[in-house]
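For reference, data26.tsv (TSV, N, CA and C atoms):
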```tsv
chain	number	residue	atom	x	y	z
G	1	MET	N	-6.04	41.59	94.92
G	1	MET	CA	-6.43	40.84	93.76
G	1	MET	C	-7.94	41.00	93.58
G	2	THR	N	-8.37	41.25	92.36
G	2	THR	CA	-9.80	41.41	92.09
G	2	THR	C	-10.47	40.03	92.05
G	3	PRO	N	-11.80	40.00	92.20
G	3	PRO	CA	-12.49	38.72	92.09
G	3	PRO	C	-12.21	38.00	90.76
G	4	VAL	N	-12.11	38.77	89.69
G	4	VAL	CA	-11.82	38.17	88.39
G	4	VAL	C	-10.44	37.51	88.40
G	5	GLU	N	-9.47	38.16	89.01
G	5	GLU	CA	-8.12	37.58	89.10
G	5	GLU	C	-8.13	36.34	90.00
G	6	HIS	N	-8.89	36.38	91.09
G	6	HIS	CA	-9.03	35.19	91.93
G	6	HIS	C	-9.62	34.03	91.12
G	7	PHE	N	-10.65	34.34	90.35
G	7	PHE	CA	-11.32	33.32	89.56
G	7	PHE	C	-10.34	32.67	88.58
G	8	ARG	N	-9.58	33.50	87.87
G	8	ARG	CA	-8.58	32.95	86.93
G	8	ARG	C	-7.55	32.11	87.67
G	9	THR	N	-7.11	32.56	88.82
G	9	THR	CA	-6.12	31.81	89.61
G	9	THR	C	-6.68	30.46	90.02
G	10	VAL	N	-7.93	30.45	90.49
G	10	VAL	CA	-8.56	29.19	90.89
G	10	VAL	C	-8.66	28.24	89.70
G	11	LEU	N	-9.14	28.74	88.58
G	11	LEU	CA	-9.29	27.89	87.40
G	11	LEU	C	-7.96	27.31	86.94
G	12	HIS	N	-6.94	28.15	86.87
G	12	HIS	CA	-5.64	27.67	86.41
G	12	HIS	C	-4.99	26.72	87.43
G	13	SER	N	-5.15	26.99	88.70
G	13	SER	CA	-4.61	26.09	89.72
G	13	SER	C	-5.27	24.72	89.62
G	14	LEU	N	-6.58	24.72	89.47
G	14	LEU	CA	-7.29	23.45	89.35
G	14	LEU	C	-6.88	22.71	88.07
G	15	ALA	N	-6.77	23.44	86.97
G	15	ALA	CA	-6.40	22.81	85.70
G	15	ALA	C	-4.98	22.25	85.74
G	16	ASP	N	-4.10	22.92	86.47
G	16	ASP	CA	-2.70	22.48	86.55
G	16	ASP	C	-2.47	21.50	87.69
G	17	GLY	N	-3.50	21.21	88.47
G	17	GLY	CA	-3.36	20.29	89.59
G	17	GLY	C	-2.55	20.86	90.74
G	18	LYS	N	-2.52	22.17	90.85
G	18	LYS	CA	-1.77	22.84	91.91
G	18	LYS	C	-2.71	23.23	93.05
G	19	PRO	N	-2.19	23.37	94.26
G	19	PRO	CA	-3.04	23.83	95.36
G	19	PRO	C	-3.42	25.30	95.15
G	20	LEU	N	-4.57	25.67	95.68
G	20	LEU	CA	-5.03	27.05	95.57
G	20	LEU	C	-4.24	27.94	96.51
G	21	PRO	N	-3.85	29.13	96.04
G	21	PRO	CA	-3.25	30.10	96.97
G	21	PRO	C	-4.26	30.45	98.07
G	22	ASP	N	-3.77	30.75	99.24
G	22	ASP	CA	-4.65	30.99	100.40
G	22	ASP	C	-5.70	32.07	100.14
G	23	LEU	N	-5.29	33.20	99.56
G	23	LEU	CA	-6.26	34.27	99.33
G	23	LEU	C	-7.35	33.85	98.36
G	24	SER	N	-6.98	33.14	97.31
G	24	SER	CA	-7.98	32.69	96.34
G	24	SER	C	-8.86	31.61	96.93
G	25	ALA	N	-8.29	30.74	97.75
G	25	ALA	CA	-9.09	29.71	98.41
G	25	ALA	C	-10.10	30.35	99.36
G	26	ASP	N	-9.68	31.36	100.09
G	26	ASP	CA	-10.60	32.07	101.00
G	26	ASP	C	-11.71	32.75	100.21
G	27	TRP	N	-11.34	33.39	99.11
G	27	TRP	CA	-12.33	34.07	98.26
G	27	TRP	C	-13.36	33.06	97.77
G	28	LEU	N	-12.88	31.91	97.28
G	28	LEU	CA	-13.78	30.89	96.76
G	28	LEU	C	-14.68	30.33	97.86
G	29	LEU	N	-14.12	30.00	99.00
G	29	LEU	CA	-14.89	29.45	100.10
G	29	LEU	C	-15.98	30.42	100.57
G	30	ASN	N	-15.60	31.67	100.78
G	30	ASN	CA	-16.58	32.67	101.23
G	30	ASN	C	-17.69	32.86	100.20
G	31	GLY	N	-17.33	32.88	98.93
G	31	GLY	CA	-18.33	33.02	97.87
G	31	GLY	C	-19.26	31.83	97.81
G	32	LEU	N	-18.72	30.63	97.95
G	32	LEU	CA	-19.56	29.44	97.92
G	32	LEU	C	-20.49	29.38	99.14
G	33	ILE	N	-20.03	29.84	100.28
G	33	ILE	CA	-20.90	29.90	101.46
G	33	ILE	C	-22.05	30.86	101.20
G	34	ARG	N	-21.75	32.03	100.63
G	34	ARG	CA	-22.82	32.99	100.31
G	34	ARG	C	-23.80	32.38	99.29
G	35	HIS	N	-23.27	31.62	98.35
G	35	HIS	CA	-24.12	30.99	97.34
G	35	HIS	C	-25.04	29.93	97.97
G	36	VAL	N	-24.49	29.11	98.85
G	36	VAL	CA	-25.29	28.08	99.54
G	36	VAL	C	-26.39	28.73	100.36
G	37	ARG	N	-26.14	29.92	100.87
G	37	ARG	CA	-27.14	30.63	101.68
G	37	ARG	C	-28.18	31.35	100.82
G	38	GLY	N	-28.09	31.19	99.50
G	38	GLY	CA	-29.14	31.73	98.63
G	38	GLY	C	-28.74	32.82	97.67
G	39	GLU	N	-27.53	33.32	97.74
G	39	GLU	CA	-27.12	34.38	96.82
G	39	GLU	C	-26.77	33.76	95.47
G	40	PRO	N	-27.12	34.40	94.37
G	40	PRO	CA	-26.73	33.86	93.06
G	40	PRO	C	-25.20	33.73	92.97
G	41	LEU	N	-24.74	32.68	92.31
G	41	LEU	CA	-23.31	32.38	92.29
G	41	LEU	C	-22.48	33.54	91.74
G	42	GLU	N	-22.92	34.13	90.65
G	42	GLU	CA	-22.17	35.24	90.05
G	42	GLU	C	-22.01	36.39	91.03
G	43	SER	N	-23.05	36.67	91.77
G	43	SER	CA	-23.01	37.73	92.76
G	43	SER	C	-22.18	37.32	93.98
G	44	ALA	N	-22.34	36.08	94.42
G	44	ALA	CA	-21.61	35.60	95.60
G	44	ALA	C	-20.10	35.62	95.39
G	45	LEU	N	-19.67	35.38	94.16
G	45	LEU	CA	-18.24	35.39	93.84
G	45	LEU	C	-17.77	36.76	93.34
G	46	ALA	N	-18.67	37.73	93.34
G	46	ALA	CA	-18.37	39.09	92.87
G	46	ALA	C	-17.88	39.09	91.43
G	47	LEU	N	-18.55	38.28	90.61
G	47	LEU	CA	-18.20	38.20	89.20
G	47	LEU	C	-19.31	38.78	88.32
G	48	THR	N	-20.03	39.72	88.87
G	48	THR	CA	-21.10	40.37	88.12
G	48	THR	C	-20.50	41.22	87.00
G	49	PRO	N	-21.29	41.59	86.02
G	49	PRO	CA	-20.77	42.47	84.97
G	49	PRO	C	-20.14	43.75	85.53
G	50	ALA	N	-20.73	44.30	86.59
G	50	ALA	CA	-20.16	45.51	87.20
G	50	ALA	C	-18.77	45.25	87.76
G	51	ASN	N	-18.58	44.08	88.40
G	51	ASN	CA	-17.26	43.74	88.94
G	51	ASN	C	-16.25	43.51	87.82
G	52	ARG	N	-16.69	42.91	86.73
G	52	ARG	CA	-15.78	42.70	85.59
G	52	ARG	C	-15.36	44.03	84.99
G	53	THR	N	-16.32	44.94	84.88
G	53	THR	CA	-16.01	46.26	84.34
G	53	THR	C	-15.04	47.00	85.26
G	54	LYS	N	-15.26	46.89	86.55
G	54	LYS	CA	-14.38	47.53	87.53
G	54	LYS	C	-12.96	46.97	87.41
G	55	ALA	N	-12.82	45.66	87.26
G	55	ALA	CA	-11.50	45.04	87.12
G	55	ALA	C	-10.82	45.51	85.83
G	56	ARG	N	-11.59	45.58	84.74
G	56	ARG	CA	-11.04	46.08	83.48
G	56	ARG	C	-10.57	47.52	83.61
G	57	ASN	N	-11.40	48.35	84.20
G	57	ASN	CA	-11.06	49.77	84.33
G	57	ASN	C	-9.83	49.97	85.21
G	58	HIS	N	-9.75	49.21	86.28
G	58	HIS	CA	-8.58	49.28	87.17
G	58	HIS	C	-7.31	48.90	86.40
G	59	ALA	N	-7.40	47.85	85.60
G	59	ALA	CA	-6.24	47.41	84.82
G	59	ALA	C	-5.87	48.45	83.76
G	60	LEU	N	-6.86	49.05	83.12
G	60	LEU	CA	-6.56	50.08	82.11
G	60	LEU	C	-5.94	51.32	82.74
G	61	MET	N	-6.39	51.68	83.94
G	61	MET	CA	-5.77	52.81	84.64
G	61	MET	C	-4.30	52.50	84.95
G	62	ALA	N	-4.02	51.27	85.36
G	62	ALA	CA	-2.63	50.86	85.62
G	62	ALA	C	-1.81	50.91	84.33
G	63	ALA	N	-2.40	50.50	83.23
G	63	ALA	CA	-1.70	50.56	81.94
G	63	ALA	C	-1.41	52.01	81.57
G	64	ALA	N	-2.37	52.89	81.79
G	64	ALA	CA	-2.17	54.31	81.49
G	64	ALA	C	-1.05	54.89	82.34
G	65	GLU	N	-1.02	54.53	83.62
G	65	GLU	CA	0.02	55.02	84.52
G	65	GLU	C	1.40	54.52	84.08
G	66	SER	N	1.47	53.31	83.55
G	66	SER	CA	2.76	52.76	83.15
G	66	SER	C	3.32	53.45	81.91
G	67	LEU	N	2.50	54.25	81.24
G	67	LEU	CA	3.00	55.00	80.08
G	67	LEU	C	3.90	56.16	80.49
G	68	GLY	N	3.86	56.54	81.76
G	68	GLY	CA	4.69	57.63	82.25
G	68	GLY	C	4.07	58.99	81.97
G	69	ALA	N	4.89	60.01	82.13
G	69	ALA	CA	4.43	61.39	81.95
G	69	ALA	C	4.12	61.67	80.49
G	70	THR	N	3.05	62.39	80.26
G	70	THR	CA	2.67	62.80	78.91
G	70	THR	C	2.27	64.26	78.94
G	71	ASP	N	2.11	64.83	77.75
G	71	ASP	CA	1.73	66.25	77.63
G	71	ASP	C	0.35	66.51	78.21
G	72	SER	N	-0.55	65.56	78.00
G	72	SER	CA	-1.93	65.74	78.45
G	72	SER	C	-2.57	64.38	78.64
G	73	GLN	N	-3.73	64.38	79.27
G	73	GLN	CA	-4.46	63.14	79.43
G	73	GLN	C	-4.96	62.62	78.08
G	74	TRP	N	-5.27	63.54	77.17
G	74	TRP	CA	-5.70	63.11	75.83
G	74	TRP	C	-4.55	62.38	75.13
G	75	HIS	N	-3.35	62.91	75.23
G	75	HIS	CA	-2.19	62.26	74.63
G	75	HIS	C	-1.98	60.87	75.25
G	76	ARG	N	-2.15	60.78	76.54
G	76	ARG	CA	-2.02	59.49	77.22
G	76	ARG	C	-3.08	58.50	76.71
G	77	ALA	N	-4.31	58.98	76.50
G	77	ALA	CA	-5.38	58.12	75.98
G	77	ALA	C	-5.03	57.62	74.58
G	78	VAL	N	-4.47	58.48	73.76
G	78	VAL	CA	-4.07	58.08	72.40
G	78	VAL	C	-2.95	57.05	72.47
G	79	LEU	N	-1.97	57.27	73.34
G	79	LEU	CA	-0.88	56.29	73.50
G	79	LEU	C	-1.42	54.95	74.02
G	80	LEU	N	-2.38	55.02	74.92
G	80	LEU	CA	-2.98	53.79	75.45
G	80	LEU	C	-3.75	53.07	74.35
G	81	GLN	N	-4.45	53.81	73.52
G	81	GLN	CA	-5.18	53.22	72.40
G	81	GLN	C	-4.20	52.47	71.49
G	82	LYS	N	-3.07	53.07	71.21
G	82	LYS	CA	-2.06	52.41	70.35
G	82	LYS	C	-1.47	51.18	71.04
G	83	ALA	N	-1.25	51.29	72.36
G	83	ALA	CA	-0.72	50.14	73.11
G	83	ALA	C	-1.71	48.99	73.10
G	84	ILE	N	-2.99	49.30	73.22
G	84	ILE	CA	-4.03	48.26	73.18
G	84	ILE	C	-4.07	47.59	71.82
G	85	ALA	N	-4.00	48.39	70.75
G	85	ALA	CA	-4.01	47.83	69.40
G	85	ALA	C	-2.80	46.91	69.19
G	86	ARG	N	-1.63	47.34	69.65
G	86	ARG	CA	-0.42	46.52	69.53
G	86	ARG	C	-0.56	45.23	70.34
G	87	PHE	N	-1.04	45.37	71.57
G	87	PHE	CA	-1.21	44.21	72.44
G	87	PHE	C	-2.20	43.22	71.82
G	88	GLU	N	-3.32	43.73	71.35
G	88	GLU	CA	-4.37	42.85	70.83
G	88	GLU	C	-3.94	42.13	69.54
G	89	SER	N	-3.17	42.79	68.72
G	89	SER	CA	-2.78	42.16	67.45
G	89	SER	C	-1.53	41.30	67.55
G	90	ARG	N	-0.59	41.65	68.41
G	90	ARG	CA	0.70	40.94	68.44
G	90	ARG	C	0.90	40.04	69.65
G	91	ILE	N	0.45	40.47	70.82
G	91	ILE	CA	0.76	39.75	72.05
G	91	ILE	C	-0.38	38.86	72.50
G	92	TRP	N	-1.60	39.38	72.51
G	92	TRP	CA	-2.75	38.66	73.00
G	92	TRP	C	-2.93	37.29	72.33
G	93	PRO	N	-2.82	37.19	71.01
G	93	PRO	CA	-3.00	35.86	70.40
G	93	PRO	C	-2.01	34.81	70.91
G	94	LYS	N	-0.84	35.22	71.33
G	94	LYS	CA	0.19	34.28	71.78
G	94	LYS	C	0.02	33.88	73.25
G	95	ILE	N	-0.59	34.74	74.07
G	95	ILE	CA	-0.61	34.50	75.52
G	95	ILE	C	-2.00	34.34	76.11
G	96	ARG	N	-3.02	34.40	75.31
G	96	ARG	CA	-4.39	34.45	75.84
G	96	ARG	C	-4.74	33.27	76.72
G	97	TYR	N	-4.08	32.13	76.57
G	97	TYR	CA	-4.41	30.96	77.39
G	97	TYR	C	-3.37	30.68	78.47
G	98	GLU	N	-2.43	31.59	78.66
G	98	GLU	CA	-1.42	31.40	79.69
G	98	GLU	C	-1.97	31.82	81.05
G	99	THR	N	-1.39	31.24	82.09
G	99	THR	CA	-1.82	31.53	83.45
G	99	THR	C	-1.25	32.85	83.94
G	100	ASP	N	0.04	32.98	83.89
G	100	ASP	CA	0.72	34.15	84.43
G	100	ASP	C	1.93	34.48	83.55
G	101	PRO	N	1.69	35.05	82.38
G	101	PRO	CA	2.81	35.33	81.49
G	101	PRO	C	3.75	36.39	82.05
G	102	ASP	N	5.01	36.28	81.72
G	102	ASP	CA	6.01	37.26	82.15
G	102	ASP	C	6.00	38.40	81.13
G	103	LEU	N	5.43	39.53	81.53
G	103	LEU	CA	5.23	40.65	80.62
G	103	LEU	C	5.72	41.94	81.25
G	104	PRO	N	6.09	42.92	80.40
G	104	PRO	CA	6.38	44.25	80.94
G	104	PRO	C	5.11	44.85	81.56
G	105	PRO	N	5.27	45.85	82.44
G	105	PRO	CA	4.12	46.39	83.19
G	105	PRO	C	2.91	46.77	82.33
G	106	ILE	N	3.12	47.43	81.23
G	106	ILE	CA	1.95	47.85	80.43
G	106	ILE	C	1.23	46.64	79.86
G	107	ASP	N	1.97	45.66	79.38
G	107	ASP	CA	1.34	44.47	78.82
G	107	ASP	C	0.69	43.61	79.90
G	108	ALA	N	1.29	43.57	81.08
G	108	ALA	CA	0.68	42.83	82.19
G	108	ALA	C	-0.67	43.46	82.57
G	109	ALA	N	-0.71	44.80	82.59
G	109	ALA	CA	-1.97	45.49	82.90
G	109	ALA	C	-3.00	45.24	81.79
G	110	LEU	N	-2.57	45.27	80.55
G	110	LEU	CA	-3.50	45.00	79.45
G	110	LEU	C	-3.97	43.55	79.46
G	111	PHE	N	-3.10	42.64	79.85
G	111	PHE	CA	-3.50	41.24	80.00
G	111	PHE	C	-4.62	41.12	81.04
G	112	ARG	N	-4.47	41.82	82.17
G	112	ARG	CA	-5.51	41.80	83.19
G	112	ARG	C	-6.81	42.41	82.65
G	113	ALA	N	-6.70	43.47	81.86
G	113	ALA	CA	-7.90	44.09	81.28
G	113	ALA	C	-8.61	43.13	80.33
G	114	PHE	N	-7.83	42.46	79.50
G	114	PHE	CA	-8.43	41.56	78.51
G	114	PHE	C	-8.99	40.29	79.15
G	115	THR	N	-8.47	39.89	80.30
G	115	THR	CA	-8.97	38.69	80.96
G	115	THR	C	-10.00	39.01	82.03
G	116	SER	N	-10.42	40.25	82.12
G	116	SER	CA	-11.39	40.66	83.14
G	116	SER	C	-12.79	40.12	82.88
G	117	GLY	N	-13.07	39.80	81.65
G	117	GLY	CA	-14.42	39.36	81.29
G	117	GLY	C	-15.30	40.49	80.82
G	118	ALA	N	-14.81	41.72	80.89
G	118	ALA	CA	-15.55	42.87	80.39
G	118	ALA	C	-15.07	43.17	78.97
G	119	ARG	N	-15.93	43.77	78.21
G	119	ARG	CA	-15.59	44.13	76.84
G	119	ARG	C	-14.44	45.14	76.84
G	120	PRO	N	-13.40	44.89	76.03
G	120	PRO	CA	-12.26	45.82	76.03
G	120	PRO	C	-12.66	47.20	75.49
G	121	LEU	N	-12.02	48.22	76.03
G	121	LEU	CA	-12.16	49.57	75.48
G	121	LEU	C	-11.05	49.76	74.46
G	122	ARG	N	-11.37	50.36	73.33
G	122	ARG	CA	-10.36	50.53	72.29
G	122	ARG	C	-10.25	51.97	71.78
G	123	SER	N	-11.27	52.77	71.96
G	123	SER	CA	-11.24	54.12	71.39
G	123	SER	C	-10.56	55.10	72.36
G	124	ALA	N	-9.84	56.02	71.79
G	124	ALA	CA	-9.15	57.03	72.59
G	124	ALA	C	-10.16	57.85	73.40
G	125	ARG	N	-11.31	58.11	72.82
G	125	ARG	CA	-12.33	58.90	73.51
G	125	ARG	C	-12.80	58.19	74.78
G	126	ARG	N	-13.11	56.90	74.67
G	126	ARG	CA	-13.57	56.14	75.85
G	126	ARG	C	-12.45	55.99	76.87
G	127	LEU	N	-11.23	55.79	76.40
G	127	LEU	CA	-10.07	55.68	77.31
G	127	LEU	C	-9.84	57.00	78.03
G	128	TYR	N	-9.97	58.10	77.30
G	128	TYR	CA	-9.82	59.42	77.91
G	128	TYR	C	-10.85	59.63	79.02
G	129	GLU	N	-12.11	59.26	78.74
G	129	GLU	CA	-13.16	59.40	79.76
G	129	GLU	C	-12.82	58.59	81.02
G	130	LEU	N	-12.14	57.47	80.83
G	130	LEU	CA	-11.79	56.62	81.96
G	130	LEU	C	-10.62	57.19	82.77
G	131	ILE	N	-9.59	57.67	82.10
G	131	ILE	CA	-8.36	58.04	82.81
G	131	ILE	C	-8.29	59.49	83.25
G	132	ARG	N	-9.19	60.33	82.79
G	132	ARG	CA	-9.08	61.75	83.14
G	132	ARG	C	-9.38	62.03	84.58
```

Give the structure from the file, written as structure tokens.
Amino acid sequence: MTPVEHFRTVLHSLADGKPLPDLSADWLLNGLIRHVRGEPLESALALTPANRTKARNHALMAAAESLGATDSQWHRAVLLQKAIARFESRIWPKIRYETDPDLPPIDAALFRAFTSGARPLRSARRLYELIR
């Protein structure tokens, strides 16, 4: 689980009054200890912009893989671009505030990308640069 996913899990667990999962509790505790010792909170919890971008890119790579075999990486990037447009217009508005929606693999990966905290990639060119 990425730091961004841990963070979402912690927030949703606290909001729902549920206990924290062990891995997320450990992540939070270790980050808070680093913060108390002087590290900036964003860095201590590994929620820096670089970490958010890494989480987004990892999720987009998983989404690309879930598309299956394609003729080329460019074709896969175009298909991913279309999947992102569909997700953003039809699915994202309905689930953006859910904790753990039940989604097919591509939409679950796109959900992780959109909740990473990094700016979404939408162009086939940028997606191609990422997945090639």

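Atom N of G:Leu130 is positioned 18.2 Å from atom C of G:Ala108.
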
Could you produce a table of the residues of stretch 87-125 of chain G lying within 8 Å of stretch 30-51 of chain G, with the nearest pair of atoms per residue and their separation in Å rounded to one decimal, using only N, CA and C atoms, ordered by chain and increasing residue number, as CSV?
```
residue,atom,partner,partner_atom,distance
G:Ser116,C,G:Asn51,C,6.9
G:Gly117,C,G:Pro49,CA,7.1
G:Ala118,CA,G:Pro49,C,6.9
```

### Picked from stretch 6-131 of chain G by DSSP as helix (DSSP H, G or I), as a ChimeraX atom specification
/G:6-16,22-36,41-44,49-66,73-95,105-114,124-131

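Atom CA of G:Arg96 is positioned 15.4 Å from atom CA of G:Ala15.
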
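Atom CA of G:Arg56 is positioned 5.7 Å from atom C of G:Arg112.
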
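When all atoms listed in the file are used to compute distances to G:Gln81, the closest of the residues G:Leu23, G:Ala124, G:Ala55, G:Ile95 turns out to be G:Ala124.
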
### Query
In terms of the shortest atom-to-atom distance over only C-alpha atoms, which of G:Ala59, G:Leu127, G:Arg52, G:Pro93 is closest to G:Leu80?
G:Leu127

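Each of G:Glu5, G:Ser89, G:Leu11, G:Trp74 was compared to G:Ile131 using all atoms listed in the file, and G:Trp74 turns out to be the nearest.
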
Extending 3 Å beyond the listed atoms of stretch 93-100 of chain G on each side, what axis-aligned box results? I want centre and edge lengths in Å to one decimal, as lines of an AutoDock Vina configuration file.
```
center_x = -1.4
center_y = 33.9
center_z = 77.4
size_x = 12.7
size_y = 12.5
size_z = 20.0
```

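In this comparison, which uses all atoms listed in the file, the residue of G:Arg76, G:Leu29, G:Pro3, G:Leu60 approaching G:Ala109 most closely is G:Leu60.
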
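Closest to G:Ile106 among G:Leu20, G:Leu14, G:Ala77, G:Ala83 is G:Ala83, based on all atoms listed in the file.
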
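In terms of minimum interatomic distance to G:Ile84, G:Leu110 ranks closest within G:Thr53, G:Arg132, G:Leu110, G:Met1, counting only N, CA and C atoms.
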
### Task
Tell me which protein, DNA and RNA residues are within 7 Å of G:Ser24, counting all atoms listed in the file, leaving out same-chain ones fewer than 5 positions away, and put them as a PyMOL selection string.
chain G and resi 6-7+9-10+29

Would you put the residues from that selection into a file with N, CA and C atoms, as a JSON list (two decimals), in the coordinates of the input?
```json
[["chain", "number", "residue", "atom", "x", "y", "z"],
["G", 6, "HIS", "N", -8.89, 36.38, 91.09],
["G", 6, "HIS", "CA", -9.03, 35.19, 91.93],
["G", 6, "HIS", "C", -9.62, 34.03, 91.12],
["G", 7, "PHE", "N", -10.65, 34.34, 90.35],
["G", 7, "PHE", "CA", -11.32, 33.32, 89.56],
["G", 7, "PHE", "C", -10.34, 32.67, 88.58],
["G", 9, "THR", "N", -7.11, 32.56, 88.82],
["G", 9, "THR", "CA", -6.12, 31.81, 89.61],
["G", 9, "THR", "C", -6.68, 30.46, 90.02],
["G", 10, "VAL", "N", -7.93, 30.45, 90.49],
["G", 10, "VAL", "CA", -8.56, 29.19, 90.89],
["G", 10, "VAL", "C", -8.66, 28.24, 89.70],
["G", 29, "LEU", "N", -14.12, 30.00, 99.00],
["G", 29, "LEU", "CA", -14.89, 29.45, 100.10],
["G", 29, "LEU", "C", -15.98, 30.42, 100.57]]
```
